[in-house]
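J.: My file is upload_16.cif. It has mmCIF, C-alpha atoms:
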```
data_input
loop_
_atom_site.label_atom_id
_atom_site.label_comp_id
_atom_site.auth_asym_id
_atom_site.auth_seq_id
_atom_site.Cartn_x
_atom_site.Cartn_y
_atom_site.Cartn_z
CA MET R 1 11.48 42.46 61.26
CA HIS R 2 11.14 40.50 58.02
CA LYS R 3 8.94 37.43 58.12
CA LYS R 4 10.86 34.18 57.76
CA PHE R 5 9.73 31.17 55.80
CA ASP R 6 7.54 28.97 58.00
CA HIS R 7 9.12 25.52 58.36
CA SER R 8 5.63 24.00 58.54
CA GLN R 9 5.50 24.78 54.80
CA SER R 10 8.82 23.06 54.08
CA HIS R 11 7.16 20.59 51.70
CA LYS R 12 6.89 23.47 49.23
CA LEU R 13 10.68 23.79 49.10
CA ASP R 14 11.17 20.49 47.30
CA SER R 15 8.06 20.33 45.14
CA GLU R 16 7.92 19.58 41.44
CA LYS R 17 6.66 23.13 40.88
CA ARG R 18 9.76 24.56 42.56
CA ARG R 19 12.05 22.28 40.57
CA LYS R 20 10.58 23.70 37.36
CA LEU R 21 10.99 27.26 38.61
CA LEU R 22 14.49 26.69 40.03
CA PRO R 23 16.10 23.76 38.18
CA PRO R 24 19.23 23.15 40.29
CA GLY R 25 21.34 21.70 37.48
CA GLU R 26 20.71 24.64 35.15
CA ILE R 27 21.39 27.18 37.89
CA ILE R 28 24.63 25.47 38.97
CA ASN R 29 25.83 25.44 35.36
CA GLU R 30 24.84 29.11 34.98
CA ILE R 31 26.89 30.28 37.96
CA GLY R 32 29.91 28.12 37.11
CA ILE R 33 30.41 25.86 40.13
CA ARG R 34 33.70 23.95 39.82
CA LYS R 35 35.24 20.82 41.32
CA GLY R 36 37.13 21.38 44.55
CA GLN R 37 35.37 24.59 45.58
CA MET R 38 34.29 25.43 49.12
CA ILE R 39 30.69 26.62 49.15
CA ALA R 40 28.54 28.03 51.95
CA ASP R 41 24.85 27.29 51.31
CA ILE R 42 23.30 29.98 53.51
CA GLY R 43 19.67 29.49 54.50
CA CYS R 44 19.71 25.98 53.08
CA GLY R 45 16.13 25.07 53.99
CA THR R 46 15.56 21.37 53.34
CA GLY R 47 18.74 21.05 51.26
CA PHE R 48 17.16 21.70 47.86
CA PHE R 49 20.44 23.07 46.44
CA THR R 50 22.76 21.32 48.89
CA VAL R 51 22.78 17.96 47.13
CA PRO R 52 23.46 19.27 43.60
CA LEU R 53 26.06 21.71 44.94
CA ALA R 54 27.84 18.88 46.80
CA ARG R 55 27.88 16.75 43.68
CA ALA R 56 29.13 19.66 41.58
CA VAL R 57 32.15 20.36 43.84
CA GLY R 58 33.04 16.66 44.10
CA ASN R 59 34.94 14.78 46.79
CA ASN R 60 37.71 17.39 46.94
CA GLY R 61 35.21 20.19 47.50
CA LYS R 62 32.88 20.89 50.39
CA VAL R 63 29.49 22.45 51.05
CA ILE R 64 28.93 24.06 54.43
CA VAL R 65 25.20 24.20 55.05
CA ILE R 66 23.87 26.74 57.54
CA ASP R 67 20.43 27.87 58.62
CA ILE R 68 18.93 29.72 61.58
CA ASP R 69 16.09 27.18 61.89
CA PRO R 70 16.96 23.87 63.63
CA VAL R 71 13.90 22.19 62.07
CA MET R 72 15.09 23.06 58.57
CA LEU R 73 18.60 21.85 59.39
CA LYS R 74 17.21 18.52 60.56
CA LYS R 75 15.42 18.12 57.22
CA ALA R 76 18.61 19.08 55.35
CA GLU R 77 20.54 16.52 57.41
CA GLU R 78 18.02 13.83 56.45
CA THR R 79 18.38 14.78 52.78
CA VAL R 80 22.18 14.65 52.93
CA SER R 81 22.13 11.33 54.80
CA LYS R 82 19.72 9.79 52.30
CA GLU R 83 22.05 10.78 49.44
CA LYS R 84 25.10 9.44 51.38
CA LEU R 85 27.06 12.65 50.84
CA LYS R 86 30.39 12.89 52.68
CA ASN R 87 31.40 16.41 51.65
CA VAL R 88 28.66 18.35 53.49
CA GLU R 89 28.88 19.98 56.93
CA ILE R 90 25.66 21.14 58.59
CA LEU R 91 25.74 24.01 61.10
CA LEU R 92 23.21 26.06 63.06
CA SER R 93 23.84 29.77 62.57
CA GLN R 94 22.73 33.25 63.48
CA GLU R 95 21.54 35.42 60.63
CA ASN R 96 24.54 37.76 60.62
CA SER R 97 27.18 35.58 62.25
CA PHE R 98 28.29 32.47 60.38
CA PRO R 99 30.18 29.67 62.19
CA ILE R 100 32.72 29.60 59.36
CA PRO R 101 36.43 30.58 59.43
CA GLU R 102 37.40 33.86 57.79
CA ASN R 103 38.74 33.77 54.23
CA SER R 104 37.80 30.11 53.74
CA ILE R 105 34.91 30.11 51.24
CA ASP R 106 34.96 30.30 47.43
CA ILE R 107 31.23 30.95 47.04
CA VAL R 108 28.55 32.17 49.42
CA PHE R 109 25.31 30.92 47.88
CA THR R 110 21.82 32.09 48.86
CA ALA R 111 18.60 30.96 47.22
CA THR R 112 15.36 32.86 47.96
CA VAL R 113 16.82 34.04 51.27
CA TYR R 114 17.91 37.64 50.66
CA HIS R 115 14.41 39.19 50.76
CA GLU R 116 13.95 37.78 54.30
CA LEU R 117 17.04 39.46 55.78
CA ASN R 118 16.50 41.95 58.57
CA GLU R 119 19.90 43.64 58.12
CA PRO R 120 21.21 42.97 54.62
CA GLY R 121 24.25 45.19 55.17
CA GLN R 122 25.34 43.15 58.20
CA PHE R 123 24.66 39.90 56.35
CA LEU R 124 26.83 41.01 53.42
CA LYS R 125 29.58 42.16 55.78
CA GLU R 126 29.65 38.67 57.28
CA ALA R 127 29.71 37.13 53.79
CA LEU R 128 32.72 39.31 52.93
CA LYS R 129 34.50 38.10 56.05
CA VAL R 130 34.21 34.38 55.24
CA LEU R 131 34.93 34.72 51.52
CA LYS R 132 38.42 34.24 50.12
CA GLY R 133 40.03 37.15 48.30
CA SER R 134 38.67 35.91 44.98
CA GLY R 135 35.41 34.71 46.49
CA GLN R 136 31.98 35.26 45.00
CA MET R 137 28.54 36.05 46.39
CA ILE R 138 25.59 34.45 44.59
CA ILE R 139 22.13 35.84 45.32
CA LEU R 140 19.16 34.11 43.75
CA ASP R 141 15.87 35.74 44.66
CA TRP R 142 12.32 36.69 43.74
CA ASP R 143 11.92 39.72 41.48
CA LYS R 144 9.63 42.45 42.75
CA ILE R 145 6.55 41.57 40.73
CA GLU R 146 2.97 40.64 41.53
CA GLU R 147 2.36 36.93 41.10
CA GLU R 148 0.53 34.10 42.83
CA GLN R 149 3.60 32.04 43.70
CA GLY R 150 6.34 33.07 46.09
CA PRO R 151 6.38 35.77 48.76
CA PRO R 152 4.02 38.78 48.70
CA PHE R 153 5.00 41.77 46.57
CA ASP R 154 5.92 43.96 49.56
CA HIS R 155 8.32 41.30 50.91
CA ARG R 156 10.34 41.18 47.68
CA LYS R 157 13.39 43.21 46.64
CA ASP R 158 14.06 44.36 43.11
CA ALA R 159 17.47 43.55 41.67
CA GLU R 160 18.58 47.21 41.54
CA THR R 161 18.13 47.54 45.32
CA VAL R 162 20.19 44.40 45.91
CA LEU R 163 22.91 45.62 43.52
CA THR R 164 23.14 48.89 45.44
CA GLU R 165 23.40 47.07 48.77
CA LEU R 166 26.14 44.83 47.40
CA ARG R 167 28.17 47.77 46.09
CA ASN R 168 27.73 49.65 49.37
CA SER R 169 28.99 46.61 51.28
CA GLY R 170 32.24 46.15 49.35
CA PHE R 171 31.29 43.96 46.39
CA THR R 172 31.85 44.39 42.68
CA ILE R 173 29.01 43.18 40.46
CA LEU R 174 30.03 40.51 37.95
CA LYS R 175 26.67 39.92 36.29
CA ILE R 176 22.93 39.83 36.76
CA ILE R 177 20.92 37.08 35.13
CA PRO R 178 17.14 37.36 34.69
CA PHE R 179 16.78 33.59 35.03
CA ASN R 180 13.02 33.61 34.42
CA LYS R 181 10.14 36.01 34.93
CA SER R 182 10.11 35.34 38.68
CA ILE R 183 13.77 34.87 39.63
CA TYR R 184 17.00 36.81 39.13
CA ILE R 185 20.55 35.69 39.90
CA ILE R 186 23.26 38.15 40.90
CA GLN R 187 26.95 37.24 40.92
CA ALA R 188 29.33 39.55 42.75
CA LYS R 189 32.88 39.32 44.08
CA LYS R 190 34.89 40.90 46.86
CA ARG R 191 36.09 44.28 45.73
CA SER R 192 39.84 44.36 45.27
CA TYR R 193 41.80 47.33 46.48
CA ARG R 194 45.17 48.47 45.16
CA TYR R 195 47.47 50.26 47.53
CA LEU R 196 50.06 52.64 46.17
CA LYS R 197 53.53 52.34 47.64
CA PRO R 198 54.55 55.45 49.60
#
```
Could the structure of this file be written out as structure tokens, please?
T.:
Amino acid sequence: MHKKFDHSQSHKLDSEKRRKLLPPGEIINEIGIRKGQMIADIGCGTGFFTVPLARAVGNNGKVIVIDIDPVMLKKAEETVSKEKLKNVEILLSQENSFPIPENSIDIVFTATVYHELNEPGQFLKEALKVLKGSGQMIILDWDKIEEEQGPPFDHRKDAETVLTELRNSGFTILKIIPFNKSIYIIQAKKRSYRYLKP
């Protein structure tokens, strides 16, 4: 079983160091978030990306925030309340079963979560289920390199492995962005199938 982030270290999730490594505004611009979209922020932690995502989608959009850790969700709720956001819904979840209606989400967004998954194939299958036909999967994670910050080397996943798992699960890769030396961003969409008439 993959080790999960310890919520006793949650202060690290909203540090100045992390904001330099993962500037939310730049990342949101890079992946093309638009007004009115429905976004699932999976493994939201303290809500580091929740607030900028909610502002990016505007009052006609919505961010559904889910996490498997009630302590993290409480911190995310405090963040959302402090910012007086009305377009965020916060839900406790299981890792591979999201409390979200099928075909309802424009973007499933995960930030530094994917390397912690115990069953990535099952997780991606669930993401496919909640995504709309044109929906996208965004995976932002640690590259498999040795460095002092972030998770240990053997806990990380290189981008090629993630790309393979996405393709095997029914996604088409749109692009991969080496955001900086530590972090990559992968954008994928639900694979479309064409059926020939008999």
J.: Can you translate the PyMOL selection byres ((chain R and resi 61) around 8) into the concrete residues it hits in this file, as a PyMOL selection string?
T.: chain R and resi 35-38+54+57-60+62-63+87
J.: Give me the residues within 6 Å of Val130 (chain R) as a list in words, counting only C-alpha atoms and dropping any in the same chain fewer than 4 places off.
T.: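 That gives Glu102, Asn103, Ser104 and Ile105 of chain R.
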J.: Once the PyMOL selection byres ((chain R and resi 182) around 6) is applied to the coordinates I shared, what remains selected? I want it as an MDAnalysis selection string.
T.: chainID R and resid 142:143 180:181 183
J.: Suppose a student applies the PyMOL selection byres ((chain R and resi 47) around 8) to this structure; what residues should they get, written as a PyMOL selection string?
T.: chain R and resi 44-46+48-51+75-77+79-80
J.: Give the answer as one residue: which of R:Gln149, R:Asp106, R:Asn96, R:Asn29 has the shortest atom-to-atom distance to Glu119 (chain R), using all atoms listed in the file?
T.: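 That would be R:Asn96, the residue with the smallest distance to Glu119 (chain R).
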J.: Pick out the closest residue to Gly133 (chain R) from this set: R:Ala159, R:Val113, R:Ile107, R:Ile28. Count only C-alpha atoms.
T.: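 When distances to Gly133 (chain R) are compared using only C-alpha atoms, the smallest one comes from R:Ile107.
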J.: List as a compact mmCIF listing (two decimals) with C-alpha atoms, keeping the file's coordinate frame the protein and nucleic acid residues near Leu117 (chain R), meaning an atom at most 12 Å away when all atoms listed in the file are counted, but skip any in the same chain fewer than 2 places from it.
T.:
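Wrote result.txt, looks like this:
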```txt
# COMPACT_ATOMS: atom_id res chain seq x y z
CA MET R 1 11.48 42.46 61.26
CA HIS R 2 11.14 40.50 58.02
CA LYS R 3 8.94 37.43 58.12
CA LYS R 4 10.86 34.18 57.76
CA PHE R 5 9.73 31.17 55.80
CA ILE R 42 23.30 29.98 53.51
CA GLY R 43 19.67 29.49 54.50
CA ILE R 68 18.93 29.72 61.58
CA GLN R 94 22.73 33.25 63.48
CA GLU R 95 21.54 35.42 60.63
CA ASN R 96 24.54 37.76 60.62
CA THR R 110 21.82 32.09 48.86
CA THR R 112 15.36 32.86 47.96
CA VAL R 113 16.82 34.04 51.27
CA TYR R 114 17.91 37.64 50.66
CA HIS R 115 14.41 39.19 50.76
CA GLU R 119 19.90 43.64 58.12
CA PRO R 120 21.21 42.97 54.62
CA GLY R 121 24.25 45.19 55.17
CA GLN R 122 25.34 43.15 58.20
CA PHE R 123 24.66 39.90 56.35
CA LEU R 124 26.83 41.01 53.42
CA ASP R 141 15.87 35.74 44.66
CA HIS R 155 8.32 41.30 50.91
CA ARG R 156 10.34 41.18 47.68
CA LYS R 157 13.39 43.21 46.64
CA VAL R 162 20.19 44.40 45.91
```
J.: How far is it from CA of Leu22 (chain R) to CA of Ile64 (chain R), in Å with one decimal?
T.: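 Here the two named atoms are 20.6 Å from each other.
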J.: With all atoms listed in the file as the atoms that count, which of R:Met137, R:Leu85, R:Ile177, R:Leu128 lies nearest to Pro52 (chain R)?
T.: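 Checking each of R:Met137, R:Leu85, R:Ile177, R:Leu128 against Pro52 (chain R), counting all atoms listed in the file, the winner is R:Leu85.
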J.: Grab the CA of Lys129 (chain R) to CA of Phe109 (chain R) distance for me, in Å with one decimal place.
T.: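 Distance reported for this atom pair: 14.2 Å.
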J.: Give the answer as one residue: which of R:Ile90, R:Leu163, R:Ala127, R:Ile145 has the shortest atom-to-atom distance to Lys190 (chain R), using only C-alpha atoms?
T.: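 Among R:Ile90, R:Leu163, R:Ala127, R:Ile145, it is R:Ala127 that comes nearest to Lys190 (chain R).
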J.: Given only C-alpha atoms as the basis, pick out the residue of R:Lys84, R:Arg167, R:Lys175, R:Lys189 nearest to Gln136 (chain R).
T.: R:Lys189
J.: Quick one: pull the distance between CA of Tyr184 (chain R) and CA of Arg55 (chain R), Å, one decimal.
T.: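 Rounded to one decimal, the two atoms are 23.3 Å apart.
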J.: So, with only C-alpha atoms as the atoms that count, which of R:Gln187, R:Leu92, R:Thr161, R:Phe171 lies closest to Leu140 (chain R)?
T.: R:Gln187
J.: Quick one: what's the axis-aligned box for region 60-71 of chain R, all listed atoms, 6 Å on every side, centre and edges in Å to one decimal, as JSON?
T.:
```
{"center_x": 25.8, "center_y": 23.6, "center_z": 55.3, "size_x": 35.8, "size_y": 24.3, "size_z": 28.7}
```
